[in-house]
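Chemist: So here's model24.cif, just mmCIF, C-alpha atoms and all ligand atoms:
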data_my_file
loop_
_atom_site.label_atom_id
_atom_site.label_comp_id
_atom_site.auth_asym_id
_atom_site.auth_seq_id
_atom_site.Cartn_x
_atom_site.Cartn_y
_atom_site.Cartn_z
CA GLU O 14 20.70 10.21 -29.86
CA ARG O 15 22.77 8.57 -27.08
CA LYS O 16 21.19 9.28 -23.66
CA ASN O 17 23.68 10.74 -21.22
CA ASN O 18 23.18 8.16 -18.47
CA GLU O 19 24.31 10.23 -15.51
CA ASP O 20 21.41 12.66 -16.20
CA GLU O 21 18.74 9.96 -16.06
CA GLN O 22 17.01 9.79 -12.67
CA THR O 23 16.27 6.50 -10.93
CA PRO O 24 12.64 5.84 -9.90
CA LEU O 25 13.64 6.67 -6.30
CA GLN O 26 15.14 9.99 -7.38
CA LYS O 27 11.93 10.81 -9.25
CA CYS O 28 9.88 10.07 -6.10
CA LEU O 29 12.21 12.15 -3.93
CA ASP O 30 12.00 15.08 -6.37
CA TYR O 31 8.20 14.84 -6.20
CA LEU O 32 8.21 15.00 -2.37
CA HIS O 33 10.94 17.68 -2.32
CA ASN O 34 9.06 20.04 -4.63
CA ILE O 35 5.96 19.87 -2.43
CA LEU O 36 7.99 20.59 0.71
CA VAL O 37 9.94 23.45 -0.87
CA LYS O 38 6.64 25.17 -1.75
CA LYS O 39 5.52 24.96 1.90
CA ASP O 40 8.58 26.97 3.01
CA ILE O 41 7.11 30.25 1.73
CA ASN O 42 9.63 32.50 3.50
CA GLY O 43 12.64 30.46 2.34
CA PHE O 44 13.86 29.99 5.92
CA PHE O 45 14.81 26.41 5.05
CA ALA O 46 15.95 27.02 1.47
CA TYR O 47 19.67 27.48 2.19
CA PRO O 48 22.20 26.71 4.96
CA VAL O 49 21.81 28.97 8.03
CA THR O 50 24.95 31.12 8.39
CA ASP O 51 26.54 32.34 11.63
CA ASN O 52 26.03 35.91 10.56
CA ILE O 53 22.24 35.59 10.35
CA ALA O 54 22.13 33.28 13.38
CA PRO O 55 24.81 33.96 16.02
CA SER O 56 26.90 30.91 17.02
CA TYR O 57 24.70 28.67 14.86
CA SER O 58 27.59 26.41 13.82
CA LYS O 59 28.56 25.91 17.49
CA ILE O 60 25.05 24.91 18.56
CA ILE O 61 23.92 22.89 15.51
CA LEU O 62 26.52 20.23 14.73
CA HIS O 63 24.65 18.54 11.88
CA PRO O 64 23.10 21.36 9.81
CA MET O 65 20.62 20.52 7.05
CA ASP O 66 18.62 22.58 4.54
CA MET O 67 16.51 22.04 1.42
CA SER O 68 19.25 22.99 -1.09
CA THR O 69 21.59 20.39 0.46
CA MET O 70 18.80 17.82 0.33
CA LYS O 71 18.30 18.59 -3.37
CA GLU O 72 22.04 18.13 -4.01
CA ASN O 73 21.82 14.80 -2.19
CA ILE O 74 18.88 13.70 -4.38
CA ASP O 75 20.72 14.66 -7.59
CA ALA O 76 23.89 12.89 -6.40
CA ASN O 77 21.78 9.79 -5.59
CA GLN O 78 22.92 9.94 -1.95
CA TYR O 79 19.59 8.72 -0.57
CA ALA O 80 19.23 4.92 -0.66
CA THR O 81 15.64 4.98 0.57
CA LEU O 82 12.70 7.33 1.06
CA LEU O 83 13.35 7.07 4.82
CA ASP O 84 16.88 8.47 4.42
CA TYR O 85 15.40 11.59 2.82
CA LYS O 86 12.72 11.81 5.54
CA ALA O 87 15.48 11.63 8.20
CA ASP O 88 17.27 14.68 6.73
CA PHE O 89 13.97 16.57 6.54
CA LYS O 90 13.30 15.82 10.22
CA LEU O 91 16.92 16.78 11.13
CA MET O 92 16.41 20.16 9.42
CA CYS O 93 13.21 20.85 11.39
CA ASP O 94 14.66 19.56 14.68
CA ASN O 95 17.76 21.77 14.26
CA CYS O 96 15.46 24.77 13.86
CA MET O 97 13.48 23.88 17.00
CA THR O 98 16.75 23.37 18.90
CA TYR O 99 18.39 26.66 17.95
CA ASN O 100 15.31 28.93 18.02
CA HIS O 101 12.99 29.62 20.96
CA PRO O 102 9.34 28.45 20.67
CA ASP O 103 8.12 32.06 20.41
CA THR O 104 10.10 32.79 17.22
CA ILE O 105 8.78 32.76 13.64
CA TYR O 106 11.42 30.15 12.77
CA TYR O 107 10.39 27.67 15.46
CA LYS O 108 6.72 28.09 14.50
CA GLU O 109 7.51 27.61 10.79
CA ALA O 110 9.55 24.48 11.58
CA GLU O 111 6.71 23.01 13.63
CA LYS O 112 4.24 23.67 10.80
CA LEU O 113 6.59 22.32 8.11
CA LEU O 114 7.43 19.22 10.14
CA LYS O 115 3.76 18.45 10.76
CA SER O 116 2.83 18.64 7.08
CA GLY O 117 6.03 16.87 6.00
CA LEU O 118 5.36 13.92 8.30
CA LYS O 119 1.80 13.69 6.91
CA LEU O 120 3.16 13.74 3.34
CA MET O 121 5.75 11.06 4.22
CA SER O 122 3.59 8.94 6.50
CA LYS O 123 4.13 5.16 6.53
CA GLU O 124 1.09 4.45 4.40
CA LYS O 125 1.93 7.25 1.91
CA MET O 126 5.48 5.88 1.58
CA ILE O 127 4.14 2.37 0.93
CA GLN O 128 1.93 3.79 -1.82
CA LEU O 129 4.89 5.69 -3.30
CA LYS O 130 6.98 2.51 -3.20
CA ARG O 131 4.32 0.71 -5.20
CA CYS O 132 4.80 3.10 -8.12
CA MET O 133 8.58 2.56 -8.11
CA PRO O 134 9.62 -0.29 -10.51
C1 LIG E 201 18.25 30.43 5.30
O1 LIG E 201 17.87 30.97 6.54
C2 LIG E 201 17.18 32.17 6.55
C3 LIG E 201 16.98 32.93 5.39
C4 LIG E 201 16.28 34.14 5.46
C5 LIG E 201 15.80 34.57 6.67
C6 LIG E 201 15.00 35.83 6.72
O2 LIG E 201 14.51 36.31 5.69
N1 LIG E 201 14.80 36.41 7.93
C7 LIG E 201 14.02 37.62 8.00
C8 LIG E 201 12.62 37.37 8.54
C9 LIG E 201 12.96 38.28 9.74
C10 LIG E 201 14.37 38.47 9.21
C11 LIG E 201 15.98 33.82 7.85
C12 LIG E 201 16.68 32.62 7.79
C13 LIG E 201 16.82 31.82 8.99
C14 LIG E 201 16.58 30.46 9.05
C15 LIG E 201 16.77 30.07 10.36
C16 LIG E 201 16.62 28.73 10.85
C17 LIG E 201 16.15 27.70 9.90
O3 LIG E 201 16.90 28.44 12.03
N2 LIG E 201 17.16 31.16 11.11
C18 LIG E 201 17.46 31.25 12.44
C19 LIG E 201 17.78 32.51 12.93
C20 LIG E 201 17.82 33.60 12.06
N3 LIG E 201 17.54 33.48 10.72
C21 LIG E 201 17.19 32.23 10.28
#
Turn this file's structure into structure tokens for me.
Ligand SMILES: COc1ccc(C(=O)NC2CCC2)cc1-c1cc(C(C)=O)n2cccnc12
Modeler:
Amino acid sequence: ERKNNEDEQTPLQKCLDYLHNILVKKDINGFFAYPVTDNIAPSYSKIILHPMDMSTMKENIDANQYATLLDYKADFKLMCDNCMTYNHPDTIYYKEAEKLLKSGLKLMSKEKMIQLKRCMP
């Protein structure tokens, strides 16, 4: 049967989905799963001018908005940095962001990204 082309993922999208699924699992409390709203975080939209969250990153993957692995990594880092800007170091959110960032940067280290690139046609 005719393949519906827009559903087929590019090799890059497949790689990004692989990384994304690992990172989503690390966010056990779901603090990074959806956009932070002003009602759960007072004045959030005034303090954080470029919000980012995992659901938005997934939409970007599916819409093929990331040209490279590094573009995805930049949004991941933005998400963690926003959290460590808005929340004080002694909060659960800041601590989770630190932990998530550390393991995310290991997962998307230079050498790991080179290896991933190798398995992209
Ligand atoms: C999608 O964002 C969230 C979703 C759920 C929760 C949540 O379950 N919070 C409960 C744990 C103590 C209240 C928190 C958040 C949350 C993320 C964040 C971030 C990422 O800064 N945040 C900051 C202040 C207050 N709440 C939050």
Chemist: At a cut-off of 7 Å and counting only C-alpha atoms and all ligand atoms, what residues surround ligand LIG 201 (chain E)? Please answer as a list in words.
Modeler: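 Counting only what the definition allows, namely only C-alpha atoms and all ligand atoms, the set is Asn42, Gly43, Phe44, Phe45, Ala46, Tyr47, Pro48, Val49, Ile53, Ala54, Cys96, Tyr99, Asn100 and Tyr106 of chain O.
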Chemist: Which residues come within 9 Å of O:Asp30, counting all atoms listed in the file, excluding same-chain residues fewer than 5 positions away, as a list in words?
Modeler: Leu25, Ile35, Lys71, Ile74 and Asp75 of chain O
Chemist: With all atoms listed in the file as the atoms that count, which of O:Leu113, O:Met121, O:Met133, O:Ile105 lies nearest to O:Asp84?
Modeler: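 Among O:Leu113, O:Met121, O:Met133, O:Ile105, it is O:Met121 that comes nearest to O:Asp84.
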Chemist: Which value, in Å to one decimal, gives the distance between atom CA of O:Glu21 and atom CA of O:Ala76?
Modeler: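 If I compute the distance from atom CA of O:Glu21 to atom CA of O:Ala76, I get 11.3 Å.
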Chemist: Mind giving me the straight-line distance from atom CA of O:Tyr79 to atom CA of O:Lys123 in Å, one decimal?
Modeler: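 Rounded to one decimal, the two atoms are 17.4 Å apart.
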Chemist: How many Å lie between atom CA of O:Lys119 and atom CA of O:Leu62, rounded to one decimal?
Modeler: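 So the two atoms, atom CA of O:Lys119 and atom CA of O:Leu62, lie 26.7 Å apart.
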Chemist: With only C-alpha atoms as the counted atoms, please give the residues lying no more than 12 Å from stretch 110-112 of chain O, apart from itself and same-chain residues fewer than 2 positions off, as a PyMOL selection string.
Modeler: chain O and resi 36+39-45+66+89-108+114-119
Chemist: With C-alpha atoms kept, could you save the residues just selected as a PDB file, in the coordinates of the input?
Modeler:
ATOM      1  CA  LEU O  36       7.990  20.590   0.710  1.00  0.00           C
ATOM      2  CA  LYS O  39       5.520  24.960   1.900  1.00  0.00           C
ATOM      3  CA  ASP O  40       8.580  26.970   3.010  1.00  0.00           C
ATOM      4  CA  ILE O  41       7.110  30.250   1.730  1.00  0.00           C
ATOM      5  CA  ASN O  42       9.630  32.500   3.500  1.00  0.00           C
ATOM      6  CA  GLY O  43      12.640  30.460   2.340  1.00  0.00           C
ATOM      7  CA  PHE O  44      13.860  29.990   5.920  1.00  0.00           C
ATOM      8  CA  PHE O  45      14.810  26.410   5.050  1.00  0.00           C
ATOM      9  CA  ASP O  66      18.620  22.580   4.540  1.00  0.00           C
ATOM     10  CA  PHE O  89      13.970  16.570   6.540  1.00  0.00           C
ATOM     11  CA  LYS O  90      13.300  15.820  10.220  1.00  0.00           C
ATOM     12  CA  LEU O  91      16.920  16.780  11.130  1.00  0.00           C
ATOM     13  CA  MET O  92      16.410  20.160   9.420  1.00  0.00           C
ATOM     14  CA  CYS O  93      13.210  20.850  11.390  1.00  0.00           C
ATOM     15  CA  ASP O  94      14.660  19.560  14.680  1.00  0.00           C
ATOM     16  CA  ASN O  95      17.760  21.770  14.260  1.00  0.00           C
ATOM     17  CA  CYS O  96      15.460  24.770  13.860  1.00  0.00           C
ATOM     18  CA  MET O  97      13.480  23.880  17.000  1.00  0.00           C
ATOM     19  CA  THR O  98      16.750  23.370  18.900  1.00  0.00           C
ATOM     20  CA  TYR O  99      18.390  26.660  17.950  1.00  0.00           C
ATOM     21  CA  ASN O 100      15.310  28.930  18.020  1.00  0.00           C
ATOM     22  CA  HIS O 101      12.990  29.620  20.960  1.00  0.00           C
ATOM     23  CA  PRO O 102       9.340  28.450  20.670  1.00  0.00           C
ATOM     24  CA  ASP O 103       8.120  32.060  20.410  1.00  0.00           C
ATOM     25  CA  THR O 104      10.100  32.790  17.220  1.00  0.00           C
ATOM     26  CA  ILE O 105       8.780  32.760  13.640  1.00  0.00           C
ATOM     27  CA  TYR O 106      11.420  30.150  12.770  1.00  0.00           C
ATOM     28  CA  TYR O 107      10.390  27.670  15.460  1.00  0.00           C
ATOM     29  CA  LYS O 108       6.720  28.090  14.500  1.00  0.00           C
ATOM     30  CA  LEU O 114       7.430  19.220  10.140  1.00  0.00           C
ATOM     31  CA  LYS O 115       3.760  18.450  10.760  1.00  0.00           C
ATOM     32  CA  SER O 116       2.830  18.640   7.080  1.00  0.00           C
ATOM     33  CA  GLY O 117       6.030  16.870   6.000  1.00  0.00           C
ATOM     34  CA  LEU O 118       5.360  13.920   8.300  1.00  0.00           C
ATOM     35  CA  LYS O 119       1.800  13.690   6.910  1.00  0.00           C
TER      36      LYS O 119
END
Chemist: Find the residue from O:Ser122, O:Asn73, O:Ser68, O:Thr81 that sits nearest to O:Cys28; use all atoms listed in the file when measuring.
Modeler: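 With all atoms listed in the file as the atom set, the closest residue is O:Thr81.
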Chemist: Set the distance at 12 Å and use all atoms listed in the file: which residues neighbour O:Asp51 once local chain neighbours fewer than 5 positions away are removed? I'd like the list as a PyMOL selection string.
Modeler: chain O and resi 56-61+64+99
